[in-house]
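Visitor: Have a look at the structure that comes next, please.
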Amino acid sequence: DKGGQGWGIGVVQGVAAAEKPQIAARIESDQIKQLPADLSSNEDIPYPEWLEGTWLVTAKMVAWRAPAGNQFLGGITADVNEKSAQEAQSQVGKEVQYKLRFNKGADGKVREDRLFNTQQRLDAYAGRNIIRRVEYVPLDRGGKTKDLNTLTYFKGGLVGKAFSTRRRWETSSDGKVFLADEGKRELYGKRCEQAVEAKVCPPPITTDQEILSRFTLEAEGSVSSAVRLVGYLNPNDRLYFEAGGRGVTVSDYALSCSKLPP
């Protein structure tokens with residue numbers, strides 16, 4: 001429920017008990033600040049059992065804004081930033097269709113199929129098949145973080161590496177609303193042969209993002225969802241300290257999900 005109504009004391013939050021629905025508040029807030037990374041846990045987000053399976057998703061961007069101002073959009077001039085803002089605003093109201101999959105593991109918990117879902121989203125928003133493959137990659141030698149981080153190989157040579165830097169979740173007392181909050185750092189670079197292409201390969205592009213999701217089980221068995229993507233600057237950005245940890249872009253989406261047969 002909007003504003004956290006109907007959550008009560010029965011809210012269960014991953015990592016620690018919640019006094020109030022913190023994720024719900026961040027989905028509704030006009031001003032969001034970046035939370036610190038938390039690499040102390042390797043546990044992935046356990047989704048509710050009613051999300052298990054493959055879903056046909058229709059996603060619509062319902063709002064976009066740059067709450068800290070267009071000067072933080074990364075362009076080299078004000079005109080470039082303004083053009084970026086106009087392009088983002090032009091996507092509001094547009095619908096994109098793709099599939100999402102949530103699998104039950106050997107431990108009985110339902111988790112996101114990050115490989116399948118990453119490819120589905122990227123291909124859908126590009127409007128064509130741009131992904132060669134997606135694979136899991138661990139950050140630690142023991143491989144405990146393997147299922148949290150991905151390598152994405154694009155057609156044309158671009159490679160993206162996504163690190164899950166923080167995860168938490170909340171469930172309503174009636175079990176019909178589930179919220180997830182995940183921080184991510186992504187690096188994008190192109191493979192190059194220094195001896196052939198250049199003496200120095202270009203540095204990768206680094207982005208920081210927070211993904212806030214609210215899934216609601218509807219009476220007829222379908223699922224509706226609200227997703228908020230918050231973009232942050234990272235220490236490589238020249239305006240990083242001026243941004244002060246504020247979200248510099250906020251994109252809100254409304255999703256309708258219909259379960260596909262097995």
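Letters A, B, ... go to the chains of the structure tokens in the order shown; residues in each chain start at 1; ligands are counted from 1 in the same order.
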If DSSP is run on the backbone, what residues of segment 21-202 of chain A are strand (DSSP E or B)? A reply as a PyMOL selection string would be ideal.
Guide: chain A and resi 33+47+53-65+95-104+110-112+131-136+150-154+158-171+177-190
Visitor: Which one of A:Val248, A:Leu56, A:Cys257, A:Val137 sits closest to Phe72 of chain A if you count only C-alpha atoms?
Guide: A:Val248
Visitor: At a cut-off of 8 Å, using only C-alpha atoms, what residues contact Arg111 of chain A? Leave out same-chain residues fewer than 2 positions from it and give the result as an mmCIF file with C-alpha atoms, in the first residue's frame.
Guide:
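New file selection-v9.cif:
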```cif
data_model
loop_
_atom_site.group_PDB
_atom_site.id
_atom_site.type_symbol
_atom_site.label_atom_id
_atom_site.label_comp_id
_atom_site.auth_asym_id
_atom_site.auth_seq_id
_atom_site.Cartn_x
_atom_site.Cartn_y
_atom_site.Cartn_z
ATOM 1 C CA ASP A 44 20.646 -13.214 -2.327
ATOM 2 C CA ILE A 45 17.128 -11.763 -2.151
ATOM 3 C CA PRO A 46 14.608 -14.537 -1.324
ATOM 4 C CA TYR A 47 11.460 -13.739 -3.304
ATOM 5 C CA PHE A 102 12.322 -16.566 -10.729
ATOM 6 C CA ASN A 103 13.597 -20.059 -9.883
ATOM 7 C CA LYS A 104 13.341 -22.146 -6.728
ATOM 8 C CA GLY A 105 16.752 -23.411 -5.637
ATOM 9 C CA LYS A 109 14.118 -20.364 -1.734
ATOM 10 C CA ASP A 113 17.397 -15.737 -12.590
#
```
Visitor: Closest to Ala88 of chain A among A:Leu100, A:Phe178, A:Arg238, A:Leu73, using only C-alpha atoms?
Guide: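 The answer is A:Leu73, which sits nearest to Ala88 of chain A.
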Visitor: Within segment 23-151 of chain A, find each residue whose DSSP state, derived from the backbone, is helix (DSSP H, G or I), and express the selection as a PyMOL selection string.
Guide: chain A and resi 23-28+49-51+70-72+78-89+114-126+146-148
Visitor: Considering only C-alpha atoms, give me a table of residues in segment 17-135 of chain A that are at most 6 Å from segment 250-254 of chain A, with the closest atom pair and distance in Å for each, as a tab-separated table.
Guide:
```
residue	atom	partner	partner_atom	distance
A:Ala59	CA	A:Ala254	CA	5.7
A:Lys60	CA	A:Ala254	CA	5.3
A:Met61	CA	A:Tyr253	CA	4.3
A:Val62	CA	A:Tyr253	CA	5.4
A:Ala63	CA	A:Asp252	CA	5.1
A:Trp64	CA	A:Ser251	CA	4.5
A:Arg65	CA	A:Val250	CA	5.4
```
Visitor: Could you work out how far atom CA of Gln89 of chain A lies from atom CA of Asp30 of chain A, giving the answer in Å with one decimal?
Guide: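 A separation of 17.0 Å between them.
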Visitor: Find the residues around Tyr153 of chain A up to 9 Å (only C-alpha atoms counted), leave out those fewer than 4 positions away in its own chain, and share them as a ChimeraX atom specification.
Guide: /A:130-135,157-161
Visitor: Need to verify the contact set: Asp123 of chain A, 12 Å, only C-alpha atoms, exclusion of same-chain residues closer than 4 positions in sequence. Can you return it as number ranges by chain?
Guide: A: 96-99, 116-119, 127-134, 152, 154-155
Visitor: Keeping only N, CA, C and O atoms, write those residues as a JSON list (two decimals), in the first residue's frame.
Guide:
```
[["chain", "number", "residue", "atom", "x", "y", "z"],
["A", 96, "VAL", "N", 7.29, -1.40, -22.90],
["A", 96, "VAL", "CA", 8.24, -2.40, -23.39],
["A", 96, "VAL", "C", 7.82, -3.75, -22.80],
["A", 96, "VAL", "O", 7.40, -3.82, -21.64],
["A", 97, "GLN", "N", 7.94, -4.79, -23.60],
["A", 97, "GLN", "CA", 7.54, -6.12, -23.15],
["A", 97, "GLN", "C", 8.74, -7.06, -23.12],
["A", 97, "GLN", "O", 9.56, -7.06, -24.03],
["A", 98, "TYR", "N", 8.83, -7.85, -22.05],
["A", 98, "TYR", "CA", 9.91, -8.83, -21.92],
["A", 98, "TYR", "C", 9.47, -9.90, -20.92],
["A", 98, "TYR", "O", 8.34, -9.86, -20.41],
["A", 99, "LYS", "N", 10.33, -10.84, -20.64],
["A", 99, "LYS", "CA", 10.03, -11.90, -19.68],
["A", 99, "LYS", "C", 10.95, -11.80, -18.48],
["A", 99, "LYS", "O", 12.10, -11.36, -18.59],
["A", 116, "PHE", "N", 19.04, -14.83, -17.19],
["A", 116, "PHE", "CA", 17.89, -14.71, -18.09],
["A", 116, "PHE", "C", 17.32, -13.30, -18.06],
["A", 116, "PHE", "O", 17.06, -12.69, -19.11],
["A", 117, "ASN", "N", 17.11, -12.76, -16.86],
["A", 117, "ASN", "CA", 16.45, -11.46, -16.74],
["A", 117, "ASN", "C", 17.30, -10.32, -17.27],
["A", 117, "ASN", "O", 16.78, -9.37, -17.86],
["A", 118, "THR", "N", 18.62, -10.39, -17.08],
["A", 118, "THR", "CA", 19.51, -9.35, -17.61],
["A", 118, "THR", "C", 19.41, -9.29, -19.13],
["A", 118, "THR", "O", 19.25, -8.21, -19.72],
["A", 119, "GLN", "N", 19.49, -10.43, -19.78],
["A", 119, "GLN", "CA", 19.42, -10.46, -21.24],
["A", 119, "GLN", "C", 18.05, -9.99, -21.73],
["A", 119, "GLN", "O", 17.95, -9.23, -22.70],
["A", 127, "GLY", "N", 15.46, -2.83, -28.26],
["A", 127, "GLY", "CA", 14.60, -3.07, -29.40],
["A", 127, "GLY", "C", 15.15, -4.09, -30.38],
["A", 127, "GLY", "O", 14.59, -4.28, -31.46],
["A", 128, "ARG", "N", 16.21, -4.78, -29.99],
["A", 128, "ARG", "CA", 16.81, -5.81, -30.84],
["A", 128, "ARG", "C", 17.73, -6.67, -29.98],
["A", 128, "ARG", "O", 17.98, -6.34, -28.82],
["A", 129, "ASN", "N", 18.22, -7.76, -30.55],
["A", 129, "ASN", "CA", 19.11, -8.64, -29.80],
["A", 129, "ASN", "C", 20.52, -8.06, -29.79],
["A", 129, "ASN", "O", 21.21, -8.07, -30.81],
["A", 130, "ILE", "N", 20.95, -7.57, -28.63],
["A", 130, "ILE", "CA", 22.28, -6.96, -28.52],
["A", 130, "ILE", "C", 23.21, -7.75, -27.61],
["A", 130, "ILE", "O", 24.39, -7.44, -27.51],
["A", 131, "ILE", "N", 22.68, -8.80, -26.96],
["A", 131, "ILE", "CA", 23.47, -9.56, -25.98],
["A", 131, "ILE", "C", 23.92, -10.89, -26.56],
["A", 131, "ILE", "O", 23.11, -11.64, -27.11],
["A", 132, "ARG", "N", 25.21, -11.17, -26.43],
["A", 132, "ARG", "CA", 25.72, -12.49, -26.84],
["A", 132, "ARG", "C", 25.45, -13.52, -25.75],
["A", 132, "ARG", "O", 24.90, -14.58, -25.99],
["A", 133, "ARG", "N", 25.85, -13.19, -24.53],
["A", 133, "ARG", "CA", 25.61, -14.10, -23.42],
["A", 133, "ARG", "C", 25.81, -13.35, -22.10],
["A", 133, "ARG", "O", 26.45, -12.30, -22.05],
["A", 134, "VAL", "N", 25.26, -13.96, -21.05],
["A", 134, "VAL", "CA", 25.43, -13.44, -19.69],
["A", 134, "VAL", "C", 25.87, -14.60, -18.82],
["A", 134, "VAL", "O", 25.36, -15.72, -18.95],
["A", 152, "THR", "N", 28.26, -9.50, -18.68],
["A", 152, "THR", "CA", 27.39, -9.45, -19.85],
["A", 152, "THR", "C", 28.23, -9.12, -21.08],
["A", 152, "THR", "O", 28.94, -8.11, -21.11],
["A", 154, "PHE", "N", 28.20, -8.06, -24.86],
["A", 154, "PHE", "CA", 27.39, -7.45, -25.89],
["A", 154, "PHE", "C", 27.95, -7.78, -27.27],
["A", 154, "PHE", "O", 29.16, -8.00, -27.42],
["A", 155, "LYS", "N", 27.08, -7.79, -28.25],
["A", 155, "LYS", "CA", 27.55, -7.89, -29.62],
["A", 155, "LYS", "C", 28.31, -6.61, -29.94],
["A", 155, "LYS", "O", 27.88, -5.51, -29.62]]
```
Visitor: If you count only C-alpha atoms, which residues fall within 12 Å of Gln31 of chain A, apart from same-chain ones fewer than 5 positions away, as an MDAnalysis selection string?
Guide: chainID A and resid 25:26 65:68 230 245:250
Visitor: What lies within 7 Å of Ser222 of chain A using only C-alpha atoms, ignoring chain neighbours under 2 positions off, as a PyMOL selection string?
Guide: chain A and resi 217-218+220+224+257-259
Visitor: Would you put the residues from that selection into a file with all heavy atoms, as a short mmCIF file (atom, residue, chain, number, x, y, z; two decimals), in the first residue's frame?
Guide:
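The resulting file, out.cif, is shown below:
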```cif
data_model
loop_
_atom_site.label_atom_id
_atom_site.label_comp_id
_atom_site.auth_asym_id
_atom_site.auth_seq_id
_atom_site.Cartn_x
_atom_site.Cartn_y
_atom_site.Cartn_z
N LEU A 217 0.78 -9.26 -5.19
CA LEU A 217 -0.02 -10.38 -5.69
C LEU A 217 -1.47 -9.95 -5.77
O LEU A 217 -2.09 -9.62 -4.76
CB LEU A 217 0.14 -11.59 -4.76
CG LEU A 217 -0.66 -12.84 -5.14
CD1 LEU A 217 -0.22 -13.39 -6.49
CD2 LEU A 217 -0.53 -13.90 -4.05
N GLU A 218 -2.02 -9.95 -6.99
CA GLU A 218 -3.40 -9.54 -7.19
C GLU A 218 -4.35 -10.72 -6.97
O GLU A 218 -3.94 -11.89 -6.97
CB GLU A 218 -3.57 -8.97 -8.60
CG GLU A 218 -2.64 -7.81 -8.93
CD GLU A 218 -2.90 -6.56 -8.10
OE1 GLU A 218 -3.94 -6.51 -7.41
OE2 GLU A 218 -2.07 -5.64 -8.13
N GLU A 220 -6.53 -12.21 -8.78
CA GLU A 220 -6.69 -13.22 -9.83
C GLU A 220 -5.40 -13.98 -10.12
O GLU A 220 -5.34 -14.80 -11.03
CB GLU A 220 -7.21 -12.56 -11.13
CG GLU A 220 -6.20 -11.72 -11.88
CD GLU A 220 -5.96 -10.34 -11.30
OE1 GLU A 220 -6.52 -10.05 -10.22
OE2 GLU A 220 -5.25 -9.55 -11.94
N SER A 224 1.33 -7.20 -10.02
CA SER A 224 1.66 -5.84 -10.44
C SER A 224 2.92 -5.42 -9.70
O SER A 224 3.20 -5.90 -8.60
CB SER A 224 0.51 -4.87 -10.14
OG SER A 224 0.26 -4.82 -8.74
N CYS A 257 2.42 -8.16 -14.74
CA CYS A 257 3.07 -9.45 -14.97
C CYS A 257 2.04 -10.56 -15.04
O CYS A 257 1.24 -10.72 -14.10
CB CYS A 257 4.07 -9.73 -13.85
SG CYS A 257 5.19 -8.36 -13.46
N SER A 258 2.07 -11.33 -16.12
CA SER A 258 1.19 -12.48 -16.28
C SER A 258 2.04 -13.74 -16.32
O SER A 258 2.99 -13.81 -17.10
CB SER A 258 0.37 -12.36 -17.58
OG SER A 258 -0.40 -11.17 -17.58
N LYS A 259 1.67 -14.72 -15.51
CA LYS A 259 2.48 -15.93 -15.42
C LYS A 259 2.29 -16.80 -16.66
O LYS A 259 1.17 -17.03 -17.11
CB LYS A 259 2.10 -16.72 -14.16
CG LYS A 259 3.13 -17.78 -13.78
CD LYS A 259 2.88 -18.33 -12.40
CE LYS A 259 4.00 -19.21 -11.92
NZ LYS A 259 3.79 -19.68 -10.54
#
```
Visitor: Restricting the calculation to only C-alpha atoms, which member of A:Asn149, A:Thr54, A:Asn70, A:Thr206 is positioned closest to Leu260 of chain A?
Guide: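 That would be A:Thr54, the residue with the smallest distance to Leu260 of chain A.
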Visitor: Report, in Å to a single decimal, how far apart atom CA of Pro203 of chain A and atom CA of Leu151 of chain A are.
Guide: 17.0 Å
Visitor: Given only C-alpha atoms as the basis, pick out the residue of A:Tyr125, A:Leu229, A:Pro235, A:Ser29 nearest to Ile205 of chain A.
Guide: A:Pro235
Visitor: Just checking: using only C-alpha atoms, which residue out of A:Leu51, A:Gln71, A:Ala85, A:Gly189 ends up closest to Thr216 of chain A?
Guide: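 Closest residue, counting only C-alpha atoms: A:Leu51.
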